[in-house]
$ cat data.tsv   # TSV, C-alpha atoms and all ligand atoms
chain	number	residue	atom	x	y	z
A	1	MET	CA	71.26	-4.52	167.60
A	2	VAL	CA	68.46	-1.95	167.45
A	3	ILE	CA	69.07	1.52	166.07
A	4	VAL	CA	66.39	4.12	166.65
A	5	ILE	CA	66.15	7.11	164.33
A	6	VAL	CA	63.33	9.43	165.25
A	7	ARG	CA	63.26	12.32	162.76
A	8	CYS	CA	63.69	12.45	159.05
A	9	VAL	CA	62.72	14.51	156.00
A	10	VAL	CA	61.55	12.86	152.81
A	11	ALA	CA	61.34	14.60	149.43
A	12	SER	CA	58.26	13.82	147.35
A	13	SER	CA	58.74	12.89	143.70
A	14	GLY	CA	56.48	15.73	142.58
A	15	LYS	CA	55.56	13.98	139.29
A	16	ALA	CA	51.98	13.30	138.25
A	17	GLY	CA	51.86	10.11	136.09
A	18	PHE	CA	49.38	7.45	137.28
A	19	SER	CA	49.07	9.25	140.62
A	20	GLY	CA	47.79	12.31	138.72
A	21	LEU	CA	45.06	10.21	137.07
A	22	LEU	CA	43.79	9.13	140.49
A	23	LYS	CA	43.09	12.65	141.67
A	24	ASP	CA	40.08	13.09	139.34
A	25	LEU	CA	38.87	9.54	139.60
A	26	GLY	CA	37.05	9.83	142.95
A	27	GLY	CA	34.39	12.19	141.56
A	28	ARG	CA	33.98	10.04	138.45
A	29	ILE	CA	33.46	6.89	140.52
A	30	LEU	CA	30.83	8.58	142.69
A	31	ARG	CA	28.98	9.78	139.59
A	32	SER	CA	28.90	6.20	138.32
A	33	ALA	CA	27.02	5.05	141.45
A	34	ASP	CA	23.42	4.15	140.54
A	35	HIS	CA	20.29	3.08	142.38
A	36	GLU	CA	21.42	-0.56	142.57
A	37	THR	CA	24.98	0.14	143.84
A	38	ARG	CA	23.58	2.58	146.43
A	39	ARG	CA	21.05	0.00	147.59
A	40	ILE	CA	23.84	-2.58	148.09
A	41	ALA	CA	26.05	0.00	149.85
A	42	SER	CA	23.25	0.84	152.26
A	43	ARG	CA	22.30	-2.83	152.86
A	44	TYR	CA	25.87	-3.83	153.82
A	45	GLY	CA	26.83	-0.49	155.43
A	46	TYR	CA	29.50	0.66	152.93
A	47	LEU	CA	30.21	4.16	151.59
A	48	ASP	CA	28.61	4.83	148.20
A	49	TYR	CA	31.87	5.14	146.24
A	50	MET	CA	33.02	1.61	147.14
A	51	ILE	CA	30.44	-0.53	145.37
A	52	PRO	CA	30.94	0.80	141.79
A	53	ARG	CA	34.66	0.05	142.28
A	54	TYR	CA	33.90	-3.54	143.25
A	55	ARG	CA	31.64	-3.87	140.19
A	56	GLU	CA	34.48	-2.54	138.04
A	57	ILE	CA	36.94	-5.04	139.60
A	58	LEU	CA	34.73	-8.14	139.65
A	59	GLY	CA	32.56	-7.55	136.58
A	60	ASP	CA	29.02	-7.85	137.95
A	61	LEU	CA	26.97	-6.94	140.99
A	62	SER	CA	25.94	-10.50	141.90
A	63	GLU	CA	29.61	-11.33	142.46
A	64	VAL	CA	30.06	-8.08	144.40
A	65	VAL	CA	27.32	-9.28	146.76
A	66	GLU	CA	29.12	-12.65	147.12
A	67	MET	CA	32.27	-10.81	148.15
A	68	LEU	CA	30.42	-8.57	150.62
A	69	GLU	CA	28.79	-11.69	152.14
A	70	ALA	CA	32.28	-13.25	152.48
A	71	PHE	CA	33.50	-10.08	154.25
A	72	GLU	CA	30.74	-10.69	156.85
A	73	LYS	CA	32.22	-14.09	157.81
A	74	PRO	CA	35.20	-14.55	160.17
A	75	LEU	CA	38.61	-15.29	158.66
A	76	VAL	CA	40.21	-18.67	159.20
A	77	LYS	CA	43.29	-18.40	161.42
A	78	SER	CA	46.50	-20.18	160.57
A	79	VAL	CA	49.82	-21.10	162.18
A	80	ARG	CA	53.30	-21.35	160.66
A	81	ILE	CA	55.34	-23.90	162.61
A	82	ASN	CA	58.72	-22.40	163.41
A	83	THR	CA	61.57	-24.73	162.49
A	84	LEU	CA	64.06	-22.26	163.99
A	85	ARG	CA	62.77	-23.40	167.42
A	86	PHE	CA	61.47	-26.92	166.71
A	87	ARG	CA	63.27	-28.99	164.06
A	88	ASP	CA	60.38	-31.43	163.83
A	89	ILE	CA	57.16	-29.77	162.64
A	90	ASN	CA	55.15	-32.79	163.82
A	91	GLU	CA	56.22	-32.23	167.42
A	92	VAL	CA	54.40	-28.88	167.53
A	93	VAL	CA	51.43	-30.20	165.53
A	94	ASP	CA	51.08	-33.19	167.91
A	95	ARG	CA	51.28	-30.93	170.96
A	96	LEU	CA	48.54	-28.66	169.57
A	97	GLU	CA	46.37	-31.66	168.72
A	98	MET	CA	46.77	-32.90	172.28
A	99	LEU	CA	45.32	-29.55	173.37
A	100	GLY	CA	42.27	-30.27	171.23
A	101	TYR	CA	43.28	-28.36	168.08
A	102	LYS	CA	42.23	-29.59	164.64
A	103	LEU	CA	44.72	-28.44	162.01
A	104	SER	CA	44.69	-28.78	158.24
A	105	LYS	CA	47.92	-28.49	156.20
A	106	ILE	CA	48.08	-25.57	153.78
A	107	PRO	CA	49.25	-27.32	150.58
A	108	TRP	CA	51.19	-24.38	149.12
A	109	GLU	CA	53.30	-23.49	152.19
A	110	ARG	CA	55.80	-25.91	153.75
A	111	PHE	CA	55.30	-25.10	157.42
A	112	SER	CA	51.71	-23.85	157.75
A	113	TYR	CA	48.30	-25.12	158.87
A	114	VAL	CA	44.80	-23.69	159.00
A	115	ILE	CA	43.20	-23.87	162.45
A	116	VAL	CA	40.03	-25.82	161.68
A	117	GLU	CA	39.03	-26.08	165.34
A	118	GLN	CA	40.55	-24.25	168.27
A	119	GLY	CA	41.76	-26.23	171.30
A	120	ARG	CA	41.22	-25.66	175.03
A	121	VAL	CA	43.83	-22.86	175.25
A	122	PRO	CA	43.64	-19.87	172.86
A	123	PRO	CA	46.35	-20.07	170.14
A	124	GLY	CA	48.11	-16.93	171.41
A	125	ALA	CA	48.46	-18.34	174.95
A	126	THR	CA	49.72	-21.93	174.58
A	127	HIS	CA	53.17	-22.95	175.88
A	128	GLU	CA	54.06	-23.79	172.30
A	129	PHE	CA	53.25	-20.23	171.20
A	130	LEU	CA	55.26	-18.70	174.05
A	131	LEU	CA	58.19	-21.00	173.22
A	132	GLY	CA	58.17	-19.69	169.65
A	133	GLY	CA	56.84	-22.94	168.22
A	134	TYR	CA	54.64	-21.10	165.74
A	135	TYR	CA	53.59	-17.72	164.38
A	136	LEU	CA	49.85	-17.07	164.58
A	137	TYR	CA	48.10	-15.36	161.63
A	138	ARG	CA	44.62	-13.87	161.61
A	139	GLY	CA	44.23	-15.12	158.01
A	140	ILE	CA	46.28	-17.01	155.42
A	141	ALA	CA	47.33	-14.58	152.69
A	142	SER	CA	50.23	-13.11	154.69
A	143	LEU	CA	52.11	-16.34	153.92
A	144	ILE	CA	52.24	-15.44	150.22
A	145	PRO	CA	54.87	-12.61	150.02
A	146	PRO	CA	57.80	-14.47	151.67
A	147	ILE	CA	57.21	-17.44	149.34
A	148	ALA	CA	57.13	-15.09	146.34
A	149	LEU	CA	60.36	-13.49	147.62
A	150	ASN	CA	61.99	-16.94	147.89
A	151	PRO	CA	65.02	-15.82	149.93
A	152	SER	CA	68.09	-18.05	150.14
A	153	PRO	CA	70.63	-18.29	153.02
A	154	SER	CA	73.10	-16.14	151.06
A	155	ASP	CA	70.70	-13.23	150.42
A	156	ARG	CA	70.80	-9.74	151.89
A	157	VAL	CA	67.12	-8.89	152.43
A	158	ILE	CA	65.34	-5.65	153.28
A	159	ASP	CA	61.89	-6.06	154.85
A	160	ASN	CA	60.50	-2.55	154.65
A	161	ALA	CA	57.42	-1.85	156.84
A	162	ALA	CA	58.09	-5.04	158.80
A	163	ALA	CA	56.26	-4.85	162.12
A	164	PRO	CA	54.98	-6.91	163.88
A	165	GLY	CA	57.17	-9.33	161.95
A	166	GLY	CA	55.00	-12.06	160.47
A	167	LYS	CA	56.87	-11.86	157.21
A	168	THR	CA	60.29	-11.06	158.75
A	169	THR	CA	60.19	-14.21	160.89
A	170	HIS	CA	58.97	-16.25	157.89
A	171	ILE	CA	61.83	-14.91	155.75
A	172	ALA	CA	64.36	-15.70	158.51
A	173	GLN	CA	62.95	-19.24	158.70
A	174	LEU	CA	63.22	-19.72	154.91
A	175	MET	CA	66.86	-18.54	155.17
A	176	GLY	CA	67.57	-20.95	158.06
A	177	ASN	CA	68.74	-18.00	160.20
A	178	SER	CA	71.60	-17.34	157.73
A	179	GLY	CA	72.34	-14.37	155.48
A	180	VAL	CA	71.08	-11.01	156.66
A	181	VAL	CA	67.67	-9.37	156.93
A	182	VAL	CA	67.17	-5.70	157.75
A	183	ALA	CA	63.65	-5.14	159.15
A	184	VAL	CA	62.47	-1.53	159.15
A	185	ASP	CA	59.33	-0.02	160.64
A	186	VAL	CA	58.46	3.52	161.66
A	187	SER	CA	55.94	2.83	164.43
A	188	ARG	CA	57.31	2.79	168.00
A	189	GLU	CA	54.54	0.53	169.29
A	190	ARG	CA	54.63	-1.94	166.41
A	191	PHE	CA	58.43	-1.96	166.50
A	192	ARG	CA	58.23	-3.27	170.07
A	193	ALA	CA	56.00	-6.12	168.88
A	194	LEU	CA	58.52	-6.84	166.10
A	195	ARG	CA	61.39	-7.16	168.59
A	196	THR	CA	59.30	-9.41	170.86
A	197	ASN	CA	58.41	-11.68	167.93
A	198	LEU	CA	62.03	-11.88	166.73
A	199	GLU	CA	63.13	-12.96	170.21
A	200	ARG	CA	60.25	-15.37	170.75
A	201	MET	CA	60.83	-17.05	167.37
A	202	GLY	CA	64.61	-17.43	167.89
A	203	VAL	CA	65.52	-15.24	164.91
A	204	GLU	CA	69.24	-14.42	164.75
A	205	ASN	CA	69.86	-12.99	161.28
A	206	VAL	CA	67.73	-9.81	161.55
A	207	LEU	CA	68.84	-6.26	162.21
A	208	ALA	CA	65.73	-4.33	163.32
A	209	LEU	CA	65.73	-0.62	162.68
A	210	ARG	CA	63.05	1.88	163.67
A	211	THR	CA	63.01	4.55	161.04
A	212	ASP	CA	61.03	5.77	158.04
A	213	GLY	CA	61.33	3.19	155.26
A	214	ARG	CA	61.82	5.97	152.71
A	215	ARG	CA	65.28	6.49	154.22
A	216	VAL	CA	66.50	2.98	153.41
A	217	PRO	CA	68.59	3.91	150.29
A	218	GLU	CA	70.13	6.86	152.13
A	219	LEU	CA	71.12	4.57	155.02
A	220	PHE	CA	72.22	1.47	153.08
A	221	GLY	CA	72.84	2.58	149.49
A	222	THR	CA	72.13	-0.08	146.85
A	223	TYR	CA	72.81	-3.13	148.96
A	224	PHE	CA	69.98	-5.67	149.09
A	225	THR	CA	69.62	-8.72	146.85
A	226	LYS	CA	65.95	-9.23	147.83
A	227	ALA	CA	63.39	-6.74	149.10
A	228	LEU	CA	59.90	-6.92	150.53
A	229	LEU	CA	57.58	-3.97	150.90
A	230	ASP	CA	54.41	-5.14	152.66
A	231	ALA	CA	53.07	-1.64	152.46
A	232	PRO	CA	50.97	0.30	154.95
A	233	CYS	CA	47.51	0.29	153.37
A	234	THR	CA	43.87	1.05	154.13
A	235	GLY	CA	43.04	-2.62	154.76
A	236	GLU	CA	40.34	-2.93	152.09
A	237	GLY	CA	40.97	-6.68	151.94
A	238	ILE	CA	40.46	-7.38	155.63
A	239	ILE	CA	37.02	-5.93	156.30
A	240	GLN	CA	36.27	-9.20	158.18
A	241	LEU	CA	38.81	-8.07	160.79
A	242	ASP	CA	37.87	-4.39	160.79
A	243	PRO	CA	34.26	-3.73	159.72
A	244	SER	CA	34.78	-0.01	160.46
A	245	ARG	CA	36.78	-0.02	157.16
A	246	LYS	CA	33.39	0.01	155.39
A	247	THR	CA	32.94	3.68	156.27
A	248	LYS	CA	36.20	5.14	157.56
A	249	THR	CA	38.16	5.55	154.31
A	250	VAL	CA	37.12	8.15	151.76
A	251	PHE	CA	38.57	8.22	148.25
A	252	ASP	CA	41.09	10.95	149.13
A	253	ASP	CA	42.48	8.66	151.86
A	254	LEU	CA	43.16	6.07	149.16
A	255	VAL	CA	45.04	8.68	147.13
A	256	ARG	CA	47.11	9.65	150.19
A	257	ALA	CA	47.89	5.99	150.92
A	258	HIS	CA	48.90	5.52	147.27
A	259	LEU	CA	51.33	8.45	147.36
A	260	ARG	CA	53.03	7.12	150.51
A	261	GLN	CA	53.22	3.62	149.01
A	262	VAL	CA	54.84	4.96	145.83
A	263	GLN	CA	57.52	6.72	147.89
A	264	LEU	CA	58.19	3.59	149.94
A	265	LEU	CA	58.29	1.36	146.86
A	266	LEU	CA	60.69	3.70	145.03
A	267	ALA	CA	62.97	3.74	148.08
A	268	THR	CA	62.83	-0.05	148.28
A	269	ILE	CA	63.68	-0.36	144.56
A	270	ARG	CA	66.60	2.07	144.93
A	271	ALA	CA	68.06	0.00	147.77
A	272	THR	CA	67.98	-3.21	145.68
A	273	VAL	CA	70.93	-4.31	143.55
A	274	PRO	CA	70.58	-4.79	139.75
A	275	GLY	CA	69.18	-8.28	139.15
A	276	GLY	CA	67.57	-8.22	142.61
A	277	ARG	CA	63.94	-9.13	143.34
A	278	ILE	CA	61.39	-6.84	144.99
A	279	VAL	CA	58.01	-8.05	146.29
A	280	TYR	CA	55.26	-5.48	146.84
A	281	SER	CA	52.17	-6.56	148.77
A	282	THR	CA	49.11	-5.11	150.50
A	283	CYS	CA	46.11	-6.46	152.38
A	284	SER	CA	43.93	-4.32	150.14
A	285	ILE	CA	41.92	-5.01	147.00
A	286	ALA	CA	41.99	-1.29	146.07
A	287	PRO	CA	43.60	-0.86	142.62
A	288	GLU	CA	44.47	2.65	143.83
A	289	GLU	CA	46.85	1.06	146.38
A	290	ASP	CA	47.89	-1.88	144.25
A	291	GLU	CA	48.22	-1.64	140.46
A	292	PHE	CA	48.29	2.19	140.41
A	293	THR	CA	51.11	2.18	142.97
A	294	VAL	CA	53.14	-0.38	141.03
A	295	ALA	CA	52.44	1.40	137.71
A	296	GLU	CA	53.60	4.76	139.08
A	297	ALA	CA	56.72	3.30	140.72
A	298	ILE	CA	57.87	1.25	137.71
A	299	GLU	CA	57.34	4.25	135.42
A	300	GLU	CA	59.32	6.53	137.70
A	301	ALA	CA	62.07	4.01	138.51
A	302	GLY	CA	62.49	3.01	134.86
A	303	ASN	CA	64.69	0.02	135.73
A	304	VAL	CA	62.31	-2.67	137.00
A	305	ARG	CA	59.95	-5.11	135.29
A	306	ILE	CA	57.08	-7.19	136.62
A	307	VAL	CA	57.55	-10.96	136.68
A	308	LYS	CA	55.06	-13.74	137.45
A	309	PRO	CA	55.12	-14.86	141.09
A	310	ASP	CA	56.50	-18.39	141.23
A	311	ILE	CA	54.20	-19.79	143.93
A	312	PRO	CA	52.13	-22.98	143.99
A	313	LEU	CA	48.83	-21.14	144.46
A	314	LYS	CA	46.45	-19.90	141.78
A	315	LEU	CA	46.03	-16.15	142.08
A	316	ASP	CA	43.77	-13.85	140.08
A	317	PRO	CA	45.59	-11.57	137.63
A	318	GLY	CA	46.29	-7.91	138.32
A	319	ILE	CA	43.99	-5.25	136.89
A	320	THR	CA	45.02	-3.56	133.64
A	321	GLU	CA	42.00	-1.34	133.01
A	322	TYR	CA	40.07	0.64	135.61
A	323	PHE	CA	37.24	3.06	134.83
A	324	GLY	CA	38.65	3.53	131.33
A	325	ILE	CA	42.24	4.11	132.51
A	326	ARG	CA	44.68	1.76	130.74
A	327	LEU	CA	47.47	0.51	132.99
A	328	PRO	CA	50.62	-1.27	131.72
A	329	GLU	CA	49.69	-4.71	130.34
A	330	GLU	CA	52.42	-6.44	132.41
A	331	LEU	CA	50.39	-5.67	135.56
A	332	LYS	CA	48.38	-8.79	134.73
A	333	TYR	CA	51.35	-10.75	136.19
A	334	CYS	CA	50.57	-9.35	139.65
A	335	GLY	CA	48.42	-11.58	141.86
A	336	ARG	CA	45.14	-10.90	143.68
A	337	THR	CA	43.05	-12.86	146.16
A	338	TYR	CA	39.41	-12.31	147.15
A	339	PRO	CA	37.60	-13.78	150.17
A	340	HIS	CA	34.78	-15.38	148.14
A	341	ARG	CA	37.08	-16.83	145.46
A	342	HIS	CA	40.12	-17.87	147.49
A	343	GLY	CA	38.72	-18.38	151.01
A	344	MET	CA	41.17	-15.87	152.48
A	345	GLU	CA	41.72	-12.12	152.90
A	346	GLY	CA	41.62	-9.80	149.91
A	347	PHE	CA	45.32	-9.44	149.10
A	348	PHE	CA	47.67	-8.16	146.41
A	349	VAL	CA	51.18	-9.26	145.53
A	350	CYS	CA	53.52	-8.14	142.77
A	351	VAL	CA	57.04	-9.38	142.02
A	352	LEU	CA	59.48	-6.97	140.39
A	353	GLU	CA	62.96	-7.58	139.06
A	354	LYS	CA	65.55	-4.84	138.79
A	355	GLU	CA	67.33	-4.78	135.44
A	356	LEU	CA	71.00	-5.75	135.29
B	401	LIG	N1	54.94	-6.81	157.19
B	401	LIG	C1	54.27	-6.78	158.47
B	401	LIG	C2	54.05	-8.18	158.95
B	401	LIG	O1	54.01	-9.10	158.13
B	401	LIG	O2	53.90	-8.38	160.16
B	401	LIG	C3	52.99	-5.95	158.42
B	401	LIG	C4	53.23	-4.56	157.92
B	401	LIG	S1	51.82	-3.52	157.99
B	401	LIG	C5	50.92	-4.02	156.63
B	401	LIG	C6	52.48	-2.00	157.48
B	401	LIG	C7	53.51	-1.41	158.40
B	401	LIG	O3	54.03	-0.22	157.79
B	401	LIG	C8	53.03	-0.95	159.77
B	401	LIG	O4	53.70	-1.69	160.76
B	401	LIG	C9	53.43	0.53	159.87
B	401	LIG	O5	53.92	0.89	161.13
B	401	LIG	C10	54.51	0.59	158.83
B	401	LIG	N2	54.80	1.92	158.23
B	401	LIG	C11	53.93	2.91	157.91
B	401	LIG	N3	54.59	3.94	157.33
B	401	LIG	C12	55.90	3.58	157.30
B	401	LIG	C13	57.08	4.22	156.85
B	401	LIG	N4	57.02	5.43	156.29
B	401	LIG	N5	58.26	3.58	156.98
B	401	LIG	C14	58.30	2.35	157.55
B	401	LIG	N6	57.22	1.71	158.01
B	401	LIG	C15	56.03	2.30	157.87
$ encode --input "data.tsv" --output "structure tokens"
Amino acid sequence: MVIVIVRCVVASSGKAGFSGLLKDLGGRILRSADHETRRIASRYGYLDYMIPRYREILGDLSEVVEMLEAFEKPLVKSVRINTLRFRDINEVVDRLEMLGYKLSKIPWERFSYVIVEQGRVPPGATHEFLLGGYYLYRGIASLIPPIALNPSPSDRVIDNAAAPGGKTTHIAQLMGNSGVVVAVDVSRERFRALRTNLERMGVENVLALRTDGRRVPELFGTYFTKALLDAPCTGEGIIQLDPSRKTKTVFDDLVRAHLRQVQLLLATIRATVPGGRIVYSTCSIAPEEDEFTVAEAIEEAGNVRIVKPDIPLKLDPGITEYFGIRLPEELKYCGRTYPHRHGMEGFFVCVLEKEL
């Protein structure tokens, strides 16, 4: 069933908190740019305000350069074999290998492989793809949030901001097509891609709803046992895929993205039952979209705490101090990835638990 809701009004929280601290930060960051950060920005084609932030995150400029070099290299693609369509993972792997593919198992995810070498037919055009034998990812990190969510067949899951459905279809697979998943996205075009992917992958436990994710508590009340918000973000972790990101986002855009993310995260928390788990993720390494968003939302919600993600992959800790601003210590339990350290997109994940 697909329900389409086109218009809605969303009230803003109106409180300052960590969001308030961000408003003055842009000017301060720009003032901290020096000859060396400007030289690096100009050499790699980034806006001036970005490099001092990377120095603040990574600690020194030589590592910043390593990361910028990694952003120049293409991402490795990966596939998640879909056991909702093919019971035997090896059947799909063998068929791809017969097409000339070289695959390497990703050790921390049960169903997924890195494409080491592409075969004769592009991965989005094989029979196996069209039959729903696998989901194709442009990187690897998108596999992390569903594992951190760890849904079971008896869960009621909300996947807020779900299109085109990489994580929805992964969640449905982990649940063996049982339980219920509500997948929400606001974009008409991306919603179409979500529906196509649900059908192609043989997903039967998902209700897809096109609406603004901030309306989820109004529509469902406090109903979900598990919740994922893979938030709309500026994509500061996937510059390999979109080099225009080097220059298209000014600091005020980050603040606007942060405010929207806080609203979506608060709505997602409200719709989750006490004792329920909420996973927040972005494909951005911007603390403004990551730790600041979580800090603001947990302060305003007042009934969630951060817990360590239970996943078999070593992540870097979340940031707890940024340009002299102290963030809650528990943010260190969030996880970060960087292209030069983890060989994948820059990504952020944070697991929250709602108090009983
Ligand atoms: N989780 C998806 C996946 O794994 O395929 C990717 C989600 S993408 C990072 C963010 C999504 O948020 C976009 O599809 C965008 O249309 C959606 N979005 C933006 N604002 C939204 C809102 N207010 N409510 C719901 N979805 C929104």
$ residues_around --input "data.tsv" --residues "Thr293 of chain A" --least-positions-apart "3" --cutoff "6 Å" --atoms "all atoms listed in the file" --output "ChimeraX atom specification"
/A:258,262,289-290,296
$ write_last_selection --input "data.tsv" --atoms "C-alpha atoms" --output "PDB file, keeping the file's coordinate frame"
ATOM      1  CA  HIS A 258      48.900   5.520 147.270  1.00  0.00           C
ATOM      2  CA  VAL A 262      54.840   4.960 145.830  1.00  0.00           C
ATOM      3  CA  GLU A 289      46.850   1.060 146.380  1.00  0.00           C
ATOM      4  CA  ASP A 290      47.890  -1.880 144.250  1.00  0.00           C
ATOM      5  CA  GLU A 296      53.600   4.760 139.080  1.00  0.00           C
TER       6      GLU A 296
END
$ closest_atom_pairs --input "data.tsv" --of "chain A" --to "ligand LIG 401 (chain B)" --cutoff "8 Å" --atoms "only C-alpha atoms and all ligand atoms" --output "JSON lines"
{"residue": "A:Ser142", "atom": "CA", "partner": "B:LIG401", "partner_atom": "O1", "distance": 6.5}
{"residue": "A:Asp159", "atom": "CA", "partner": "B:LIG401", "partner_atom": "N1", "distance": 7.4}
{"residue": "A:Asn160", "atom": "CA", "partner": "B:LIG401", "partner_atom": "C14", "distance": 6.1}
{"residue": "A:Ala161", "atom": "CA", "partner": "B:LIG401", "partner_atom": "N6", "distance": 3.8}
{"residue": "A:Ala162", "atom": "CA", "partner": "B:LIG401", "partner_atom": "N1", "distance": 4.0}
{"residue": "A:Ala163", "atom": "CA", "partner": "B:LIG401", "partner_atom": "O4", "distance": 4.3}
{"residue": "A:Pro164", "atom": "CA", "partner": "B:LIG401", "partner_atom": "O2", "distance": 4.1}
{"residue": "A:Gly165", "atom": "CA", "partner": "B:LIG401", "partner_atom": "O2", "distance": 3.8}
{"residue": "A:Gly166", "atom": "CA", "partner": "B:LIG401", "partner_atom": "O2", "distance": 3.9}
{"residue": "A:Lys167", "atom": "CA", "partner": "B:LIG401", "partner_atom": "O1", "distance": 4.1}
{"residue": "A:Thr168", "atom": "CA", "partner": "B:LIG401", "partner_atom": "O1", "distance": 6.6}
{"residue": "A:Val184", "atom": "CA", "partner": "B:LIG401", "partner_atom": "C14", "distance": 5.9}
{"residue": "A:Asp185", "atom": "CA", "partner": "B:LIG401", "partner_atom": "N6", "distance": 3.8}
{"residue": "A:Val186", "atom": "CA", "partner": "B:LIG401", "partner_atom": "N6", "distance": 4.3}
{"residue": "A:Ser187", "atom": "CA", "partner": "B:LIG401", "partner_atom": "O5", "distance": 4.3}
{"residue": "A:Arg188", "atom": "CA", "partner": "B:LIG401", "partner_atom": "O5", "distance": 7.9}
{"residue": "A:Arg190", "atom": "CA", "partner": "B:LIG401", "partner_atom": "O4", "distance": 5.7}
{"residue": "A:Phe191", "atom": "CA", "partner": "B:LIG401", "partner_atom": "O4", "distance": 7.4}
{"residue": "A:Leu194", "atom": "CA", "partner": "B:LIG401", "partner_atom": "O2", "distance": 7.7}
{"residue": "A:Arg210", "atom": "CA", "partner": "B:LIG401", "partner_atom": "C14", "distance": 7.8}
{"residue": "A:Thr211", "atom": "CA", "partner": "B:LIG401", "partner_atom": "C14", "distance": 6.3}
{"residue": "A:Asp212", "atom": "CA", "partner": "B:LIG401", "partner_atom": "N5", "distance": 3.7}
{"residue": "A:Gly213", "atom": "CA", "partner": "B:LIG401", "partner_atom": "N5", "distance": 3.5}
{"residue": "A:Arg214", "atom": "CA", "partner": "B:LIG401", "partner_atom": "N4", "distance": 6.0}
{"residue": "A:Leu229", "atom": "CA", "partner": "B:LIG401", "partner_atom": "N1", "distance": 7.4}
{"residue": "A:Asp230", "atom": "CA", "partner": "B:LIG401", "partner_atom": "N1", "distance": 4.9}
{"residue": "A:Ala231", "atom": "CA", "partner": "B:LIG401", "partner_atom": "C6", "distance": 5.1}
{"residue": "A:Pro232", "atom": "CA", "partner": "B:LIG401", "partner_atom": "C6", "distance": 3.7}
{"residue": "A:Cys233", "atom": "CA", "partner": "B:LIG401", "partner_atom": "C5", "distance": 6.4}
{"residue": "A:Arg260", "atom": "CA", "partner": "B:LIG401", "partner_atom": "N4", "distance": 7.2}
{"residue": "A:Leu264", "atom": "CA", "partner": "B:LIG401", "partner_atom": "N4", "distance": 6.7}
{"residue": "A:Thr282", "atom": "CA", "partner": "B:LIG401", "partner_atom": "C5", "distance": 6.5}
{"residue": "A:Cys283", "atom": "CA", "partner": "B:LIG401", "partner_atom": "C5", "distance": 6.9}
$ residues_around --input "data.tsv" --residues "segment 54-66 of chain A" --least-positions-apart "5" --cutoff "8 Å" --atoms "only C-alpha atoms" --output "mmCIF file with C-alpha atoms, in the frame of the given file"
data_model
loop_
_atom_site.group_PDB
_atom_site.id
_atom_site.type_symbol
_atom_site.label_atom_id
_atom_site.label_comp_id
_atom_site.auth_asym_id
_atom_site.auth_seq_id
_atom_site.Cartn_x
_atom_site.Cartn_y
_atom_site.Cartn_z
ATOM 1 C CA THR A 37 24.980 0.140 143.840
ATOM 2 C CA ILE A 40 23.840 -2.580 148.090
ATOM 3 C CA ILE A 319 43.990 -5.250 136.890
ATOM 4 C CA TYR A 322 40.070 0.640 135.610
ATOM 5 C CA PHE A 323 37.240 3.060 134.830
ATOM 6 C CA HIS A 340 34.780 -15.380 148.140
#
$ atom_distance --input "data.tsv" --atom1 "atom CA of Ala271 of chain A" --atom2 "atom CA of Lys354 of chain A"
10.5 Å
$ closest_residue --input "data.tsv" --among "A:Pro107, A:Gly324, A:Gly26, A:Gly343" --to "Gly237 of chain A" --atoms "all atoms listed in the file"
A:Gly343
$ residues_around --input "data.tsv" --residues "segment 108-125 of chain A" --least-positions-apart "6" --cutoff "9 Å" --atoms "all atoms listed in the file" --output "PyMOL selection string"
chain A and resi 76-83+89+93+96-102+134-136+139-140+143-144+147+311-313
$ closest_residue --input "data.tsv" --among "A:Val349, A:Phe86, A:Thr268, A:Gly276" --to "Glu218 of chain A" --atoms "all atoms listed in the file"
A:Thr268
$ atom_distance --input "data.tsv" --atom1 "atom CA of Arg277 of chain A" --atom2 "atom CA of Thr196 of chain A"
27.9 Å
$ atom_distance --input "data.tsv" --atom1 "atom CA of Leu22 of chain A" --atom2 "atom CA of Val255 of chain A"
6.8 Å
$ residues_around --input "data.tsv" --residues "segment 200-203 of chain A" --least-positions-apart "2" --cutoff "12 Å" --atoms "all atoms listed in the file" --output "PyMOL selection string"
chain A and resi 80-86+127-136+165-166+168-181+183+193-198+205-208
$ residues_around --input "data.tsv" --residues "Pro309 of chain A" --least-positions-apart "3" --cutoff "12 Å" --atoms "only C-alpha atoms" --output "number ranges by chain"
A: 144-150, 277-281, 306, 312-318, 331-336, 348-353
$ axis_aligned_box --input "data.tsv" --around "segment 141-146 of chain A" --padding-each-side "5 Å" --output "JSON"
{"center_x": 52.6, "center_y": -14.5, "center_z": 152.4, "size_x": 20.5, "size_y": 13.7, "size_z": 14.7}
$ closest_residue --input "data.tsv" --among "A:Arg87, A:Arg43, A:Arg270, A:Lys105" --to "Glu69 of chain A" --atoms "all atoms listed in the file"
A:Arg43
$ decode --input "data.tsv" --residues "segment 161-172 of chain A" --atoms "C-alpha atoms" --output "JSON list (two decimals), in the first residue's frame"
[["chain", "number", "residue", "atom", "x", "y", "z"],
["A", 161, "ALA", "CA", 14.21, 9.37, 4.94],
["A", 162, "ALA", "CA", 14.32, 5.96, 3.27],
["A", 163, "ALA", "CA", 14.60, 6.46, -0.49],
["A", 164, "PRO", "CA", 15.93, 4.88, -2.67],
["A", 165, "GLY", "CA", 15.79, 2.05, -0.16],
["A", 166, "GLY", "CA", 19.28, 0.64, 0.31],
["A", 167, "LYS", "CA", 18.77, 0.48, 4.05],
["A", 168, "THR", "CA", 15.04, -0.37, 3.91],
["A", 169, "THR", "CA", 15.69, -3.45, 1.78],
["A", 170, "HIS", "CA", 18.63, -4.43, 4.03],
["A", 171, "ILE", "CA", 16.41, -4.10, 7.13],
["A", 172, "ALA", "CA", 13.67, -6.19, 5.48]]
